[in-house]
Amino acid sequence: MKKLSVDAKIALVREVGEEIVGEEELRKLFESKAHPIAYDGFEPSGNIHIAQGLLRAINVNKLTSTGIKFRFWVADWFGLLNNKMGGDLAKIRIVGEYFIEVWKACGMDMDNVEFIWTSEFVREHPEYWETVLKLSMNTTVNRVLRCGQIMGREESTGNPASQIMYPLMQAADIHHLGADIAQLGMDQRKVNMLARDIFPKLGFVPPIVVSHHMLMGLGEPKAAEGLNSVDRKIEIKMSKSKPDTAIFMTDSKEDVSRKFKKAFCPAGKVEDNPVLEYMKYIVFERFDSVKILRSEKFGGDLEFGCYKDLESAFVKGKIHPLDLKDCCAEYIDKLLVPVREHFEKDKKAKGLMEQVRGFAVTR
RNA sequence: CUCCCUGUAGCUCAGUGGUAGAGCAGUCGGCUGUAACCCGAUGUGUCCCAGUUCGAUUCUGGGUGGGGAGACCA
């Protein structure tokens, strides 16, 4: 691996982080450690879409290229707490294995990624609970409840006490995983901030928080009036509960093009344009040059070497939304080909996929 | 453990002793070289069981799920 300067490393982290809290600490971290630890956690649940698959891999690889080692927290117990897969731990574990296979297949830098299962880790580290209790003593019920959005729950009848446990446990994760950096999505920032606030009281080092962008869903972003920018992003993010506005890692080519065909894509507009967004965050991250195929009737083929050029051409009306859609679908599909192949050829992976497909999706 | 309230379409809710509606969402079609907007179409749902009744979603009882309060400590 070629040596990067601290500035170059920080620049890469900035590419991943839509928000970085503690940038000065990040500089010191890179100056003092060759291999800082970053963590991300995920609840295994049902299908895995490209924001969790492709985008996650892109971000992880950027960070590991700076020397960062990633710890992936396979949050099986959290999934249980959040009633994923009907609260069936056995199913949750199978889905967790399935997710890992997807990342293997889509090019994640597995040499610098370690997967740690919550249920196993906690069993081996009972001191984890002491941290949970101490955290609970240093914050308020209101503050913990305000972290509720990290559980991604929409409406719910009743307020399970798990809503208290979950954020406290997640904060404890950061410490016990030895994470210097909490590298989760913007939807997880509230717990990370909670951890930054409380950790000093317990004598722990507060994490640097690098929050990545939440890829929006393919539908028209609605119902977003009156929300602040973070809440809005969470509201319009890609969600497996709206299957036609999310591209899944194991979707067929036909699924991909059908979904893009239905996608919201206002001509010449950059804001709230999911297709353009996927071009930026995924396609141009993985391809040096992108070709838009058009018949002579519409002006012939176009080629772009970077996202900015494509964006300005689109804004000027030089690219029709339908051509952009077809192009984006084509390139995303190219990225899914190896995933499909893996799940076709690898027996273990194939078995996992079939089991996951057999599970009724709870939420 | 006791009492009160409550359970109707994916969501928010109407409604009637004679086999159920609205808004939003969704799906489909039309319009545009995409989608959206707009227009049109589209709802195999009354928590479960028993009873009363010619007939219950509507009444009664039990069960179960949800919410609230009380009781023990005083």
# chains A, B, ... in the order shown; residues from 1 in each chain; ligands from 1
>>> interface_residues(of="chain A", to="chain B", cutoff="7 Å", atoms="only C-alpha atoms (C1' of nucleotides)", output="PyMOL selection string")
chain A and resi 157-158+220+261-266+321-322
>>> residues_around(residues="segment 45-58 of chain B", least_positions_apart="2", cutoff="12 Å", atoms="only C-alpha atoms (C1' of nucleotides)", output="JSON list (two decimals) with C-alpha atoms (C1' of nucleotides), in the first residue's frame")
[["chain", "number", "residue", "atom", "x", "y", "z"],
["B", 6, "U", "C1'", -59.80, 0.17, 22.85],
["B", 7, "G", "C1'", -58.90, -3.48, 18.23],
["B", 8, "U", "C1'", -62.76, -1.75, 10.95],
["B", 9, "A", "C1'", -58.38, -1.61, 3.89],
["B", 10, "G", "C1'", -50.87, -0.65, 3.93],
["B", 15, "G", "C1'", -70.34, 3.81, 9.87],
["B", 16, "U", "C1'", -74.99, 0.47, 10.27],
["B", 17, "G", "C1'", -79.00, -5.45, 13.63],
["B", 18, "G", "C1'", -79.73, -7.10, 7.17],
["B", 19, "U", "C1'", -73.44, -9.61, 4.40],
["B", 20, "A", "C1'", -68.96, -1.85, 4.76],
["B", 21, "G", "C1'", -67.07, 3.50, 3.41],
["B", 43, "G", "C1'", -60.25, -1.87, -2.22],
["B", 60, "U", "C1'", -74.00, -10.28, 25.25],
["B", 61, "G", "C1'", -70.04, -13.40, 27.38],
["B", 62, "G", "C1'", -65.13, -15.30, 27.14],
["B", 63, "G", "C1'", -60.27, -15.05, 24.97],
["B", 64, "U", "C1'", -56.33, -12.31, 22.88],
["B", 65, "G", "C1'", -53.55, -7.74, 21.36],
["B", 66, "G", "C1'", -52.97, -2.32, 22.59]]
>>> select_by_dssp(residues="segment 68-254 of chain A", states="strand (DSSP E or B)", output="ChimeraX atom specification")
/A:69-74,113-117,181-182,185,208-212,216,237,248
>>> residues_around(residues="Leu215 of chain A", least_positions_apart="6", cutoff="8 Å", atoms="only C-alpha atoms (C1' of nucleotides)", output="list in words")
Ala51, Lys237, Met238, Pro274, Glu277 and Tyr278 of chain A
>>> residues_around(residues="Glu330 of chain A", least_positions_apart="6", cutoff="9 Å", atoms="only C-alpha atoms (C1' of nucleotides)", output="PyMOL selection string")
chain A and resi 253+256-257
>>> write_last_selection(atoms="C-alpha atoms", output="PDB file, in the first residue's frame")
ATOM      1  CA  LYS A 253     -31.362  -7.082 -14.762  1.00  0.00           C
ATOM      2  CA  VAL A 256     -33.156  -3.036 -12.180  1.00  0.00           C
ATOM      3  CA  SER A 257     -34.285  -1.491 -15.444  1.00  0.00           C
TER       4      SER A 257
END
>>> atom_distance(atom1="atom CA of Gly67 of chain A", atom2="atom CA of His212 of chain A")
18.3 Å
>>> residues_around(residues="segment 114-121 of chain A", least_positions_apart="2", cutoff="7 Å", atoms="only C-alpha atoms (C1' of nucleotides)", output="list in words")
Phe70, Arg71, Phe72, Trp73, Val74, Ala75, Asp76, Trp77, Asn112, Arg123, Glu124 and His125 of chain A
>>> select_by_dssp(residues="segment 267-344 of chain A", states="helix (DSSP H, G or I)", output="VMD selection string")
chain A and resid 274 to 286 296 to 298 307 to 315 321 to 344
>>> residues_around(residues="segment 174-177 of chain A", least_positions_apart="2", cutoff="12 Å", atoms="only C-alpha atoms (C1' of nucleotides)", output="PyMOL selection string")
chain A and resi 36-41+69-74+114-118+121-122+124-132+135+167-172+179-184+191-196+198-200+202-209
>>> write_last_selection(atoms="C-alpha atoms", output="short mmCIF file (atom, residue, chain, number, x, y, z; two decimals), in the first residue's frame")
data_model
loop_
_atom_site.label_atom_id
_atom_site.label_comp_id
_atom_site.auth_asym_id
_atom_site.auth_seq_id
_atom_site.Cartn_x
_atom_site.Cartn_y
_atom_site.Cartn_z
CA PRO A 36 -7.14 3.34 13.48
CA ILE A 37 -10.28 1.33 14.13
CA ALA A 38 -13.58 2.31 12.58
CA TYR A 39 -16.80 0.46 13.16
CA ASP A 40 -20.15 0.13 11.51
CA GLY A 41 -23.02 -2.02 12.65
CA LYS A 69 -9.21 -1.26 9.96
CA PHE A 70 -12.93 -1.85 9.93
CA ARG A 71 -14.92 -3.73 12.48
CA PHE A 72 -18.34 -4.76 11.36
CA TRP A 73 -20.75 -5.30 14.17
CA VAL A 74 -23.20 -7.96 13.11
CA GLU A 114 -13.49 -8.02 10.65
CA PHE A 115 -16.98 -9.23 11.43
CA ILE A 116 -17.99 -9.48 15.07
CA TRP A 117 -21.30 -10.98 16.14
CA THR A 118 -23.03 -9.20 19.00
CA PHE A 121 -19.05 -10.91 21.75
CA VAL A 122 -21.32 -10.02 24.63
CA GLU A 124 -17.46 -13.41 26.04
CA HIS A 125 -17.36 -9.88 27.48
CA PRO A 126 -19.81 -9.59 30.36
CA GLU A 127 -18.24 -6.25 31.32
CA TYR A 128 -20.21 -4.89 28.39
CA TRP A 129 -23.27 -4.76 30.64
CA GLU A 130 -21.47 -2.73 33.23
CA THR A 131 -20.89 -0.11 30.56
CA VAL A 132 -24.55 -0.18 29.56
CA LEU A 135 -24.20 4.89 30.47
CA PRO A 167 -29.40 3.08 22.20
CA LEU A 168 -27.53 2.46 25.43
CA MET A 169 -26.20 -0.81 24.10
CA GLN A 170 -25.23 0.75 20.81
CA ALA A 171 -23.26 3.40 22.62
CA ALA A 172 -21.55 0.68 24.65
CA ALA A 179 -13.54 2.05 17.87
CA ASP A 180 -11.74 5.31 17.28
CA ILE A 181 -14.28 6.21 14.65
CA ALA A 182 -18.01 5.57 14.56
CA GLN A 183 -18.67 5.29 10.84
CA LEU A 184 -22.39 4.84 10.42
CA VAL A 191 -26.46 7.80 19.49
CA ASN A 192 -23.01 8.71 18.32
CA MET A 193 -23.49 12.19 19.71
CA LEU A 194 -24.81 10.68 22.91
CA ALA A 195 -21.65 8.59 23.16
CA ARG A 196 -19.47 11.64 22.58
CA ILE A 198 -21.21 10.67 27.93
CA PHE A 199 -17.94 8.87 27.29
CA PRO A 200 -15.75 11.49 29.01
CA LEU A 202 -16.87 7.44 32.25
CA GLY A 203 -13.27 8.08 31.36
CA PHE A 204 -13.68 6.68 27.84
CA VAL A 205 -12.30 8.30 24.71
CA PRO A 206 -15.23 9.74 22.73
CA PRO A 207 -15.47 8.49 19.15
CA ILE A 208 -14.87 10.59 16.08
CA VAL A 209 -18.14 10.48 14.20
#
